[in-house]
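Chemist: Below is the file final-v1.cif, with mmCIF, C-alpha atoms and all ligand atoms.
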data_model
#
loop_
_atom_site.label_atom_id
_atom_site.label_comp_id
_atom_site.auth_asym_id
_atom_site.auth_seq_id
_atom_site.Cartn_x
_atom_site.Cartn_y
_atom_site.Cartn_z
CA MET A 1 137.71 97.37 58.48
CA LYS A 2 140.80 95.35 59.38
CA VAL A 3 143.27 95.41 56.52
CA LEU A 4 146.50 93.49 56.23
CA GLY A 5 149.22 95.50 54.46
CA ILE A 6 152.23 94.01 52.68
CA GLU A 7 155.26 95.99 51.51
CA SER A 8 157.94 94.26 49.43
CA SER A 9 159.02 96.76 46.79
CA CYS A 10 162.72 96.84 47.65
CA ASP A 11 164.84 95.54 50.54
CA GLU A 12 162.39 95.62 53.45
CA THR A 13 159.64 93.10 54.05
CA GLY A 14 156.92 94.99 55.92
CA VAL A 15 153.62 93.67 57.26
CA ALA A 16 150.95 95.41 59.35
CA VAL A 17 147.29 95.35 60.26
CA TYR A 18 145.37 98.62 60.29
CA ASP A 19 141.91 98.79 61.85
CA THR A 20 139.82 101.72 60.59
CA ALA A 21 137.18 101.17 63.27
CA ILE A 22 139.78 102.25 65.84
CA GLY A 23 141.54 104.82 63.64
CA GLY A 24 144.47 107.09 64.49
CA ALA A 25 147.76 105.69 65.75
CA ALA A 26 145.96 103.04 67.83
CA GLY A 27 144.37 101.72 64.61
CA LEU A 28 147.77 100.29 63.79
CA ARG A 29 147.11 97.00 65.60
CA ALA A 30 150.51 95.45 64.90
CA GLN A 31 153.38 95.64 62.48
CA ALA A 32 156.55 93.74 61.69
CA LEU A 33 159.51 94.61 59.54
CA TYR A 34 162.41 92.57 58.29
CA SER A 35 165.29 94.53 56.80
CA GLN A 36 167.59 92.87 54.27
CA ILE A 37 170.42 95.36 54.91
CA ALA A 38 172.89 92.70 56.07
CA LEU A 39 172.12 90.56 53.01
CA HIS A 40 173.03 93.31 50.54
CA ALA A 41 175.81 95.03 52.53
CA ASP A 42 178.67 93.14 50.85
CA TYR A 43 177.44 94.24 47.42
CA GLY A 44 177.13 97.95 48.30
CA GLY A 45 173.52 98.04 47.11
CA VAL A 46 170.37 96.00 46.65
CA VAL A 47 170.74 92.83 44.53
CA PRO A 48 167.25 92.32 43.03
CA GLU A 49 167.27 88.51 42.84
CA LEU A 50 168.50 88.15 46.43
CA ALA A 51 165.82 90.61 47.53
CA SER A 52 163.04 88.57 45.89
CA ARG A 53 164.24 85.33 47.48
CA ASP A 54 164.44 86.88 50.92
CA HIS A 55 160.90 88.25 50.63
CA VAL A 56 159.76 84.70 49.80
CA ARG A 57 161.47 83.44 52.95
CA LYS A 58 160.24 86.11 55.33
CA LEU A 59 156.78 87.15 54.23
CA LEU A 60 154.62 84.32 55.61
CA PRO A 61 156.39 84.18 59.00
CA LEU A 62 155.97 87.96 59.30
CA ILE A 63 152.27 87.74 58.48
CA ARG A 64 151.82 85.06 61.17
CA GLN A 65 153.79 87.14 63.68
CA THR A 66 151.82 90.33 62.93
CA LEU A 67 148.44 88.63 63.24
CA ALA A 68 149.50 86.97 66.51
CA GLU A 69 150.66 90.30 67.94
CA ALA A 70 147.36 91.91 66.94
CA GLY A 71 145.45 89.02 68.56
CA LEU A 72 143.79 88.26 65.22
CA THR A 73 143.49 85.37 62.81
CA THR A 74 143.19 85.53 59.03
CA ALA A 75 139.42 85.06 59.49
CA ASP A 76 139.26 88.54 61.08
CA LEU A 77 140.67 90.27 58.00
CA ASP A 78 138.37 92.37 55.81
CA GLY A 79 140.90 93.08 53.08
CA VAL A 80 144.51 92.78 51.96
CA ALA A 81 146.60 95.65 50.58
CA TYR A 82 149.95 95.27 48.87
CA THR A 83 152.50 97.48 47.17
CA ALA A 84 151.84 97.10 43.44
CA GLY A 85 154.69 99.44 42.43
CA PRO A 86 156.95 101.16 41.74
CA GLY A 87 159.87 98.98 42.77
CA LEU A 88 161.84 95.87 41.84
CA VAL A 89 159.56 93.65 39.78
CA GLY A 90 160.57 90.33 41.37
CA ALA A 91 160.25 91.75 44.87
CA LEU A 92 156.86 93.29 44.06
CA LEU A 93 155.58 90.00 42.61
CA VAL A 94 156.26 88.20 45.89
CA GLY A 95 154.07 90.60 47.89
CA ALA A 96 151.43 90.81 45.17
CA GLY A 97 151.25 87.02 44.77
CA VAL A 98 150.89 86.37 48.48
CA ALA A 99 148.38 89.19 48.97
CA ARG A 100 146.16 88.14 46.06
CA SER A 101 146.26 84.45 47.02
CA LEU A 102 145.44 85.16 50.65
CA ALA A 103 142.58 87.48 49.70
CA TRP A 104 141.21 84.90 47.27
CA ALA A 105 141.38 82.15 49.89
CA LEU A 106 139.69 84.35 52.50
CA ASP A 107 137.16 85.73 50.01
CA VAL A 108 138.01 89.34 50.87
CA PRO A 109 139.05 92.13 48.48
CA ALA A 110 142.70 92.84 47.71
CA ILE A 111 144.02 96.18 46.52
CA GLY A 112 147.32 97.24 44.96
CA VAL A 113 148.74 100.42 46.47
CA HIS A 114 151.21 102.89 44.94
CA HIS A 115 154.31 102.82 47.15
CA MET A 116 154.61 106.62 47.13
CA GLU A 117 150.94 107.08 48.02
CA GLY A 118 151.67 104.80 50.95
CA HIS A 119 154.52 107.09 52.01
CA LEU A 120 152.41 110.19 51.40
CA LEU A 121 149.56 109.00 53.63
CA ALA A 122 151.82 107.68 56.43
CA PRO A 123 151.74 110.99 58.38
CA LEU A 124 147.94 110.62 58.59
CA ILE A 125 148.30 107.44 60.66
CA GLU A 126 149.50 109.56 63.57
CA ASP A 127 147.06 111.12 66.05
CA ASP A 128 146.03 114.73 65.43
CA ALA A 129 146.81 114.30 61.72
CA PRO A 130 146.01 117.20 59.37
CA GLN A 131 143.37 116.85 56.67
CA PRO A 132 143.88 118.01 53.06
CA PRO A 133 144.48 120.39 51.48
CA PHE A 134 148.20 120.38 52.23
CA VAL A 135 151.54 120.17 50.51
CA ALA A 136 153.48 116.90 50.73
CA LEU A 137 157.23 116.59 50.46
CA LEU A 138 158.10 113.03 49.44
CA VAL A 139 161.77 112.29 49.97
CA SER A 140 162.89 108.70 49.59
CA GLY A 141 165.68 106.73 47.96
CA GLY A 142 163.93 106.75 44.61
CA HIS A 143 161.79 109.91 44.67
CA THR A 144 161.94 113.56 45.57
CA GLN A 145 158.63 115.26 44.87
CA LEU A 146 156.51 118.15 46.03
CA VAL A 147 152.84 117.28 45.69
CA ALA A 148 149.73 119.39 46.26
CA VAL A 149 147.21 117.16 48.00
CA ASP A 150 143.75 118.60 47.31
CA ALA A 151 142.04 115.53 48.76
CA ILE A 152 143.06 111.95 49.47
CA GLY A 153 143.54 110.46 46.00
CA ARG A 154 143.70 113.89 44.31
CA TYR A 155 147.37 114.76 43.81
CA ARG A 156 149.06 117.43 41.71
CA LEU A 157 152.79 117.20 41.10
CA LEU A 158 154.36 120.60 41.81
CA GLY A 159 157.99 119.68 41.33
CA GLU A 160 160.42 116.80 41.39
CA THR A 161 164.07 115.95 41.06
CA LEU A 162 165.56 116.11 37.58
CA ASP A 163 168.28 113.60 38.51
CA ASP A 164 169.13 111.96 41.86
CA ALA A 165 166.54 111.63 44.61
CA ALA A 166 167.48 113.16 47.98
CA GLY A 167 167.98 109.73 49.59
CA GLU A 168 170.01 108.58 46.61
CA ALA A 169 172.22 111.66 47.01
CA PHE A 170 172.72 110.82 50.69
CA ASP A 171 173.58 107.20 49.83
CA LYS A 172 175.96 108.01 46.95
CA THR A 173 177.71 110.77 48.91
CA ALA A 174 178.19 108.44 51.87
CA LYS A 175 179.61 105.76 49.59
CA LEU A 176 182.18 108.03 48.00
CA MET A 177 183.47 108.96 51.45
CA GLY A 178 183.80 105.26 52.28
CA LEU A 179 180.77 104.84 54.55
CA PRO A 180 179.08 101.42 54.46
CA TYR A 181 175.74 100.76 52.75
CA PRO A 182 173.10 102.05 53.31
CA GLY A 183 174.86 105.34 53.67
CA GLY A 184 172.06 107.89 54.27
CA PRO A 185 171.49 107.29 57.98
CA GLN A 186 175.25 106.77 58.56
CA LEU A 187 176.07 110.06 56.89
CA ALA A 188 173.43 111.83 59.00
CA LYS A 189 174.92 110.29 62.15
CA LEU A 190 178.42 111.38 61.18
CA ALA A 191 177.17 114.91 60.44
CA GLU A 192 176.24 115.28 64.11
CA GLN A 193 179.98 115.45 64.88
CA GLY A 194 180.65 117.83 61.99
CA VAL A 195 181.53 121.51 62.27
CA PRO A 196 178.89 123.55 60.43
CA GLY A 197 180.20 125.97 57.82
CA ARG A 198 183.67 124.49 57.35
CA PHE A 199 182.52 123.07 54.01
CA LYS A 200 179.92 125.03 52.10
CA PHE A 201 178.14 123.37 49.18
CA SER A 202 175.62 124.92 46.80
CA ARG A 203 171.84 124.91 47.21
CA PRO A 204 171.02 123.59 43.71
CA MET A 205 168.32 125.35 41.68
CA THR A 206 167.30 127.71 44.48
CA ASP A 207 168.61 130.72 42.54
CA ARG A 208 165.84 130.45 39.93
CA PRO A 209 162.07 130.14 40.18
CA GLY A 210 160.42 126.73 40.16
CA LEU A 211 159.92 123.71 42.39
CA ASP A 212 162.16 121.13 40.76
CA PHE A 213 165.32 119.75 42.37
CA SER A 214 168.72 118.56 41.21
CA PHE A 215 170.99 116.75 43.65
CA SER A 216 173.52 114.99 41.43
CA GLY A 217 175.92 117.96 41.30
CA LEU A 218 176.23 117.98 45.09
CA LYS A 219 177.94 114.60 45.19
CA THR A 220 180.53 115.84 42.68
CA GLN A 221 181.18 118.85 44.93
CA VAL A 222 181.61 116.48 47.88
CA LEU A 223 183.93 114.21 45.88
CA LEU A 224 186.20 117.14 45.01
CA ALA A 225 186.21 118.40 48.60
CA TRP A 226 186.92 114.91 49.95
CA GLN A 227 189.71 114.17 47.46
CA GLY A 228 191.37 117.52 48.14
CA SER A 229 191.22 117.08 51.92
CA ASP A 230 193.34 115.34 54.57
CA GLN A 231 190.59 112.64 54.70
CA SER A 232 190.67 112.61 58.50
CA GLU A 233 187.66 111.47 60.55
CA GLN A 234 186.90 115.06 61.55
CA THR A 235 187.04 116.24 57.94
CA ARG A 236 184.69 113.47 56.90
CA ALA A 237 182.23 114.57 59.58
CA ASP A 238 182.60 118.23 58.56
CA ILE A 239 181.92 117.40 54.90
CA ALA A 240 178.94 115.27 55.94
CA ARG A 241 177.59 118.24 57.89
CA GLY A 242 178.13 120.60 54.94
CA PHE A 243 176.35 118.17 52.61
CA GLU A 244 173.43 117.61 54.98
CA ASP A 245 172.98 121.34 55.52
CA ALA A 246 172.93 121.89 51.74
CA VAL A 247 170.24 119.25 51.18
CA VAL A 248 168.15 120.38 54.16
CA ASP A 249 168.37 124.04 53.13
CA THR A 250 167.43 123.25 49.55
CA LEU A 251 164.44 121.16 50.56
CA ALA A 252 163.27 123.81 53.04
CA ILE A 253 163.52 126.63 50.50
CA LYS A 254 161.47 124.67 47.94
CA CYS A 255 158.89 123.59 50.54
CA GLU A 256 158.33 127.19 51.53
CA ARG A 257 157.91 128.13 47.88
CA ALA A 258 155.40 125.32 47.40
CA LEU A 259 153.38 126.51 50.41
CA ASP A 260 153.38 130.04 48.96
CA ALA A 261 152.39 128.81 45.50
CA THR A 262 149.45 126.78 46.81
CA ASP A 263 148.46 129.19 49.58
CA CYS A 264 148.66 126.31 52.06
CA ASP A 265 149.90 126.44 55.64
CA THR A 266 150.34 122.71 56.26
CA LEU A 267 153.27 120.64 55.07
CA ILE A 268 153.50 116.90 55.47
CA VAL A 269 156.77 115.08 54.99
CA ALA A 270 157.20 111.42 54.19
CA GLY A 271 159.74 108.93 52.84
CA GLY A 272 163.04 107.70 54.27
CA VAL A 273 164.80 111.08 54.30
CA GLY A 274 161.90 112.34 56.42
CA ALA A 275 163.59 110.43 59.26
CA ASN A 276 166.46 112.93 59.13
CA ALA A 277 166.47 114.88 62.40
CA ARG A 278 167.95 118.07 60.98
CA LEU A 279 165.40 118.15 58.14
CA ARG A 280 162.56 117.64 60.61
CA ALA A 281 163.75 120.44 62.88
CA ARG A 282 164.30 122.82 59.98
CA LEU A 283 160.85 122.25 58.45
CA VAL A 284 159.07 122.54 61.80
CA GLU A 285 160.82 125.87 62.34
CA MET A 286 160.07 127.13 58.81
CA CYS A 287 156.36 126.27 59.04
CA ALA A 288 155.98 127.66 62.57
CA ALA A 289 157.56 130.95 61.50
CA ARG A 290 154.78 131.40 58.93
CA GLY A 291 152.02 130.36 61.32
CA GLY A 292 151.65 126.90 59.81
CA ARG A 293 152.50 123.37 60.72
CA ALA A 294 154.84 120.61 59.54
CA CYS A 295 153.75 117.03 60.18
CA PHE A 296 155.79 113.85 60.01
CA PRO A 297 155.17 110.23 60.76
CA ARG A 298 157.38 108.77 63.50
CA PRO A 299 160.79 107.94 61.95
CA ALA A 300 159.98 104.21 61.70
CA LEU A 301 157.03 105.07 59.44
CA CYS A 302 159.17 107.35 57.24
CA THR A 303 161.22 104.47 55.84
CA ASP A 304 159.55 101.55 54.06
CA ASN A 305 156.99 99.71 56.18
CA GLY A 306 153.80 97.67 55.97
CA ALA A 307 151.73 100.10 58.05
CA MET A 308 151.57 102.75 55.33
CA ILE A 309 150.38 100.15 52.81
CA ALA A 310 147.73 98.76 55.19
CA PHE A 311 146.51 102.31 55.89
CA ALA A 312 146.47 103.51 52.26
CA GLY A 313 144.79 100.27 51.17
CA ALA A 314 142.19 100.55 53.93
CA LEU A 315 141.26 104.07 52.80
CA ARG A 316 140.85 102.88 49.21
CA LEU A 317 138.84 99.79 50.16
CA GLU A 318 136.60 101.85 52.45
CA ALA A 319 136.00 104.22 49.56
CA GLY A 320 134.64 101.21 47.68
CA GLN A 321 137.53 100.64 45.29
CA HIS A 322 137.84 97.14 43.90
CA GLU A 323 140.14 95.36 41.50
CA ASP A 324 139.91 92.17 39.52
CA ALA A 325 141.95 89.16 40.62
CA ALA A 326 145.02 89.93 38.48
CA ILE A 327 148.37 89.96 40.27
CA ARG A 328 149.71 93.43 39.59
CA ALA A 329 153.37 94.46 39.74
CA VAL A 330 154.18 97.78 38.11
CA PRO A 331 157.94 98.54 38.33
CA ARG A 332 157.56 102.07 36.89
CA TRP A 333 154.40 103.91 37.77
CA ASP A 334 153.58 107.62 38.15
CA MET A 335 151.41 108.35 41.18
O1 LIG B 401 161.48 105.47 51.80
P1 LIG B 401 162.66 104.62 51.90
O2 LIG B 401 162.81 103.70 53.08
O3 LIG B 401 162.80 103.70 50.65
C1 LIG B 401 162.48 104.13 49.35
O4 LIG B 401 161.29 104.05 48.98
O5 LIG B 401 163.42 104.61 48.69
O6 LIG B 401 163.91 105.61 51.81
C2 LIG B 401 165.20 105.15 51.89
C3 LIG B 401 166.12 106.33 51.75
C4 LIG B 401 167.57 105.90 51.59
O7 LIG B 401 168.14 106.60 50.51
C5 LIG B 401 168.19 106.30 52.93
O8 LIG B 401 169.54 106.61 52.83
C6 LIG B 401 167.37 107.51 53.30
O9 LIG B 401 166.05 107.18 52.89
N1 LIG B 401 167.41 107.79 54.75
C7 LIG B 401 167.98 108.88 55.30
C8 LIG B 401 167.83 108.75 56.70
N2 LIG B 401 167.18 107.58 56.95
C9 LIG B 401 166.93 107.01 55.74
N3 LIG B 401 168.58 109.93 54.73
C10 LIG B 401 169.05 110.89 55.55
N4 LIG B 401 168.96 110.86 56.90
C11 LIG B 401 168.35 109.82 57.52
N5 LIG B 401 168.26 109.79 58.85
ZN ZN B 402 159.89 103.87 50.11
#
Show this structure as structure tokens.

Modeler:
Amino acid sequence: MKVLGIESSCDETGVAVYDTAIGGAAGLRAQALYSQIALHADYGGVVPELASRDHVRKLLPLIRQTLAEAGLTTADLDGVAYTAGPGLVGALLVGAGVARSLAWALDVPAIGVHHMEGHLLAPLIEDDAPQPPFVALLVSGGHTQLVAVDAIGRYRLLGETLDDAAGEAFDKTAKLMGLPYPGGPQLAKLAEQGVPGRFKFSRPMTDRPGLDFSFSGLKTQVLLAWQGSDQSEQTRADIARGFEDAVVDTLAIKCERALDATDCDTLIVAGGVGANARLRARLVEMCAARGGRACFPRPALCTDNGAMIAFAGALRLEAGQHEDAAIRAVPRWDM
């Protein structure tokens, strides 16, 4: 089955074609991504109306480009998958409207995909992917969740953040130290120059049982450290390193607990923060030490992309799932 995937939930327009007959990483026939970062940079965050308009501008050219790169035409498509939520409603409606219309015109099924299920399944696009059961750590700008995956489509929430998501904490912390939007990757880059241990921040909620997270207090700790410092470049890097170490440590401690609680030895990690090099190294090490395995998608498939939506949609369509012709956009939606 060749499925076109469309992602437009926030500030990236992502398109891809996944071919289940090929499978694995090679099944990803082509993908294209347009990031709106420059558009929103002056505002320090995503402006929903501008995001919607830019998706309108970019989506059809990206679909044409992706099909051309895959050597396919619309007539080759067996289905269309789109992100139905959660996300910005106007942005979601653009992807949903285009996907539904295209599917109707081609007389193929369309399917709405949960954005976080897209993230969760992204590691399975890669070759040598693990099969459930496993534990998934979902760490994006809007979510931080630990999920027990008993089978594809059978998910149990083990824990989640009570306030800021991990990516949100990265972004807000970067902003308060004057780094440009989007701050997460910039802060991670700066941390590479930082001296470990000069600034030590807490590992929130690791001193009590449970699998929930809380990251909002960390940014206050960083603010106080930053305001009380000489605010030099080196200090900024050292604080960034201290912050990153605190988040990575906290996530690793909770992941290990989740593996213990579920008696699993495989961890998969997905979502934008999964692109963080220090987090990847730490989780690989933690899992290896207990005889298990940590799996990640390549960094480009950690952040928002069309491939994960094409893949998740293809699995659902192959399992025989169908929907009526309604255009679905669900801004708030539990997985
Ligand atoms: O999954 P994603 O692209 O979009 C959402 O669904 O939210 O995740 C974006 C988040 C942002 O908060 C961004 O700062 C963070 O992922 N992020 C990173 C890194 N790359 C992206 N955070 C830390 N280190 C990175 N290398
Ligand atoms: Zn995302």

Chemist: Each residue of chain A lying at most 6 Å from ligand LIG 401 (chain B) should get a row with its shortest atom-to-atom pair and the distance in Å to one decimal, counting only C-alpha atoms and all ligand atoms; could you produce that, ordered by chain and increasing number, as a Markdown table?

Modeler:
| residue | atom | partner | partner_atom | distance |
| --- | --- | --- | --- | --- |
| A:Ser140 | CA | B:LIG401 | O6 | 3.9 |
| A:Gly141 | CA | B:LIG401 | O5 | 3.2 |
| A:Gly142 | CA | B:LIG401 | O5 | 4.6 |
| A:Gly167 | CA | B:LIG401 | O7 | 3.3 |
| A:Glu168 | CA | B:LIG401 | O7 | 4.8 |
| A:Phe170 | CA | B:LIG401 | O8 | 5.7 |
| A:Asp171 | CA | B:LIG401 | O8 | 5.1 |
| A:Pro182 | CA | B:LIG401 | O8 | 5.8 |
| A:Gly183 | CA | B:LIG401 | O8 | 5.5 |
| A:Gly184 | CA | B:LIG401 | O8 | 3.2 |
| A:Pro185 | CA | B:LIG401 | C11 | 4.1 |
| A:Ala188 | CA | B:LIG401 | N4 | 5.0 |
| A:Gly271 | CA | B:LIG401 | O1 | 4.0 |
| A:Gly272 | CA | B:LIG401 | O6 | 3.3 |
| A:Val273 | CA | B:LIG401 | N3 | 4.0 |
| A:Ala275 | CA | B:LIG401 | N5 | 4.7 |
| A:Asn276 | CA | B:LIG401 | N5 | 3.6 |
| A:Thr303 | CA | B:LIG401 | O2 | 3.3 |
| A:Asp304 | CA | B:LIG401 | O2 | 4.0 |

Chemist: Write out as a PyMOL selection string each polymer residue whose atoms come within 10 Å of Ala30 of chain A, counting only C-alpha atoms; drop sequence neighbours fewer than 2 positions from it.

Modeler: chain A and resi 4+15-19+26-28+32+65-72+306-307

Chemist: Mind giving me the straight-line distance from atom CA of Phe134 of chain A to atom CA of Thr266 of chain A in Å, one decimal?

Modeler: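 The value is 5.1 Å.
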
Chemist: Quick one: of A:Val98, A:Val284, A:Ile37, A:Pro123, who's nearest to Leu60 of chain A, counting all atoms listed in the file?

Modeler: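 Nearest to Leu60 of chain A: A:Val98.
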
Chemist: Leaving out Glu12 of chain A and any residue of its chain fewer than 2 positions from it, which residues lie within 7 Å of it when counting all atoms listed in the file, given as a list in words?

Modeler: Ser8, Cys10, Gly14, Leu33, Tyr34, Ser35, Gln36 and Asp304 of chain A

Chemist: So that I have them on file, write out the residues from the current selection with C-alpha atoms, as an mmCIF file, keeping the file's coordinate frame.

Modeler:
data_model
loop_
_atom_site.group_PDB
_atom_site.id
_atom_site.type_symbol
_atom_site.label_atom_id
_atom_site.label_comp_id
_atom_site.auth_asym_id
_atom_site.auth_seq_id
_atom_site.Cartn_x
_atom_site.Cartn_y
_atom_site.Cartn_z
ATOM 1 C CA SER A 8 157.940 94.260 49.430
ATOM 2 C CA CYS A 10 162.720 96.840 47.650
ATOM 3 C CA GLY A 14 156.920 94.990 55.920
ATOM 4 C CA LEU A 33 159.510 94.610 59.540
ATOM 5 C CA TYR A 34 162.410 92.570 58.290
ATOM 6 C CA SER A 35 165.290 94.530 56.800
ATOM 7 C CA GLN A 36 167.590 92.870 54.270
ATOM 8 C CA ASP A 304 159.550 101.550 54.060
#

Chemist: Considering all atoms listed in the file, return as an MDAnalysis selection string whatever protein or nucleic-acid residues lie within 9 Å of segment 106-116 of chain A, sequence-local ones (same chain, fewer than 2 positions apart) excluded.

Modeler: chainID A and resid 7 9 74:75 77:87 96 99:104 118:121 138 140 143 270:271 304 308:310 312:314 316:317 321:325 327:329 333:335

Chemist: Could you write out the selected residues, including C-alpha atoms, as an mmCIF file, in the frame of the given file?

Modeler:
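Okay, this is what ended up in again_36.cif:
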data_model
loop_
_atom_site.group_PDB
_atom_site.id
_atom_site.type_symbol
_atom_site.label_atom_id
_atom_site.label_comp_id
_atom_site.auth_asym_id
_atom_site.auth_seq_id
_atom_site.Cartn_x
_atom_site.Cartn_y
_atom_site.Cartn_z
ATOM 1 C CA GLU A 7 155.260 95.990 51.510
ATOM 2 C CA SER A 9 159.020 96.760 46.790
ATOM 3 C CA THR A 74 143.190 85.530 59.030
ATOM 4 C CA ALA A 75 139.420 85.060 59.490
ATOM 5 C CA LEU A 77 140.670 90.270 58.000
ATOM 6 C CA ASP A 78 138.370 92.370 55.810
ATOM 7 C CA GLY A 79 140.900 93.080 53.080
ATOM 8 C CA VAL A 80 144.510 92.780 51.960
ATOM 9 C CA ALA A 81 146.600 95.650 50.580
ATOM 10 C CA TYR A 82 149.950 95.270 48.870
ATOM 11 C CA THR A 83 152.500 97.480 47.170
ATOM 12 C CA ALA A 84 151.840 97.100 43.440
ATOM 13 C CA GLY A 85 154.690 99.440 42.430
ATOM 14 C CA PRO A 86 156.950 101.160 41.740
ATOM 15 C CA GLY A 87 159.870 98.980 42.770
ATOM 16 C CA ALA A 96 151.430 90.810 45.170
ATOM 17 C CA ALA A 99 148.380 89.190 48.970
ATOM 18 C CA ARG A 100 146.160 88.140 46.060
ATOM 19 C CA SER A 101 146.260 84.450 47.020
ATOM 20 C CA LEU A 102 145.440 85.160 50.650
ATOM 21 C CA ALA A 103 142.580 87.480 49.700
ATOM 22 C CA TRP A 104 141.210 84.900 47.270
ATOM 23 C CA GLY A 118 151.670 104.800 50.950
ATOM 24 C CA HIS A 119 154.520 107.090 52.010
ATOM 25 C CA LEU A 120 152.410 110.190 51.400
ATOM 26 C CA LEU A 121 149.560 109.000 53.630
ATOM 27 C CA LEU A 138 158.100 113.030 49.440
ATOM 28 C CA SER A 140 162.890 108.700 49.590
ATOM 29 C CA HIS A 143 161.790 109.910 44.670
ATOM 30 C CA ALA A 270 157.200 111.420 54.190
ATOM 31 C CA GLY A 271 159.740 108.930 52.840
ATOM 32 C CA ASP A 304 159.550 101.550 54.060
ATOM 33 C CA MET A 308 151.570 102.750 55.330
ATOM 34 C CA ILE A 309 150.380 100.150 52.810
ATOM 35 C CA ALA A 310 147.730 98.760 55.190
ATOM 36 C CA ALA A 312 146.470 103.510 52.260
ATOM 37 C CA GLY A 313 144.790 100.270 51.170
ATOM 38 C CA ALA A 314 142.190 100.550 53.930
ATOM 39 C CA ARG A 316 140.850 102.880 49.210
ATOM 40 C CA LEU A 317 138.840 99.790 50.160
ATOM 41 C CA GLN A 321 137.530 100.640 45.290
ATOM 42 C CA HIS A 322 137.840 97.140 43.900
ATOM 43 C CA GLU A 323 140.140 95.360 41.500
ATOM 44 C CA ASP A 324 139.910 92.170 39.520
ATOM 45 C CA ALA A 325 141.950 89.160 40.620
ATOM 46 C CA ILE A 327 148.370 89.960 40.270
ATOM 47 C CA ARG A 328 149.710 93.430 39.590
ATOM 48 C CA ALA A 329 153.370 94.460 39.740
ATOM 49 C CA TRP A 333 154.400 103.910 37.770
ATOM 50 C CA ASP A 334 153.580 107.620 38.150
ATOM 51 C CA MET A 335 151.410 108.350 41.180
#

Chemist: Using all atoms listed in the file, which of the listed residues (A:Gly217, A:Leu146, A:Tyr181, A:Arg332) sits closest to Lys254 of chain A?

Modeler: A:Leu146

Chemist: What separation in Å, quoted to one decimal, exists between atom CA of Leu301 of chain A and atom CA of Ala122 of chain A?

Modeler: 6.6 Å

Chemist: So which one's closest to ligand ZN 402 (chain B), A:Asp42, A:Glu318, A:Thr144, A:Pro130? Using only C-alpha atoms and all ligand atoms, please.

Modeler: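 The answer is A:Thr144, which sits nearest to ligand ZN 402 (chain B).
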
Chemist: Mind pulling up the distance from atom CA of Ala129 of chain A to atom CA of Ala319 of chain A?

Modeler: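 According to the coordinates, atom CA of Ala319 of chain A and atom CA of Ala129 of chain A are separated by 19.1 Å.
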
Chemist: Which residue is closest to ligand ZN 402 (chain B)? Choose from A:Val139, A:Leu211, A:Ala25, A:Ala91 and count all atoms listed in the file.

Modeler: A:Val139

Chemist: Closest to ligand ZN 402 (chain B) among A:Asp207, A:Asp54, A:Glu117, A:Glu49, using all atoms listed in the file?

Modeler: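 Closest to ligand ZN 402 (chain B), using all atoms listed in the file: A:Glu117.
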
Chemist: Residues within 12 Å of Leu224 of chain A, please, as number ranges by chain. Count all atoms listed in the file; anything in the same chain fewer than 4 positions from it doesn't count.

Modeler: A: 173, 176-177, 199, 201, 217-220, 228-229, 231, 239

Chemist: Find the spatial neighbours of Ala277 of chain A, counting all atoms listed in the file, within a cut-off of 10 Å - ignore same-chain residues fewer than 5 positions away - and output them as a PyMOL selection string.

Modeler: chain A and resi 188-189+192+282+299
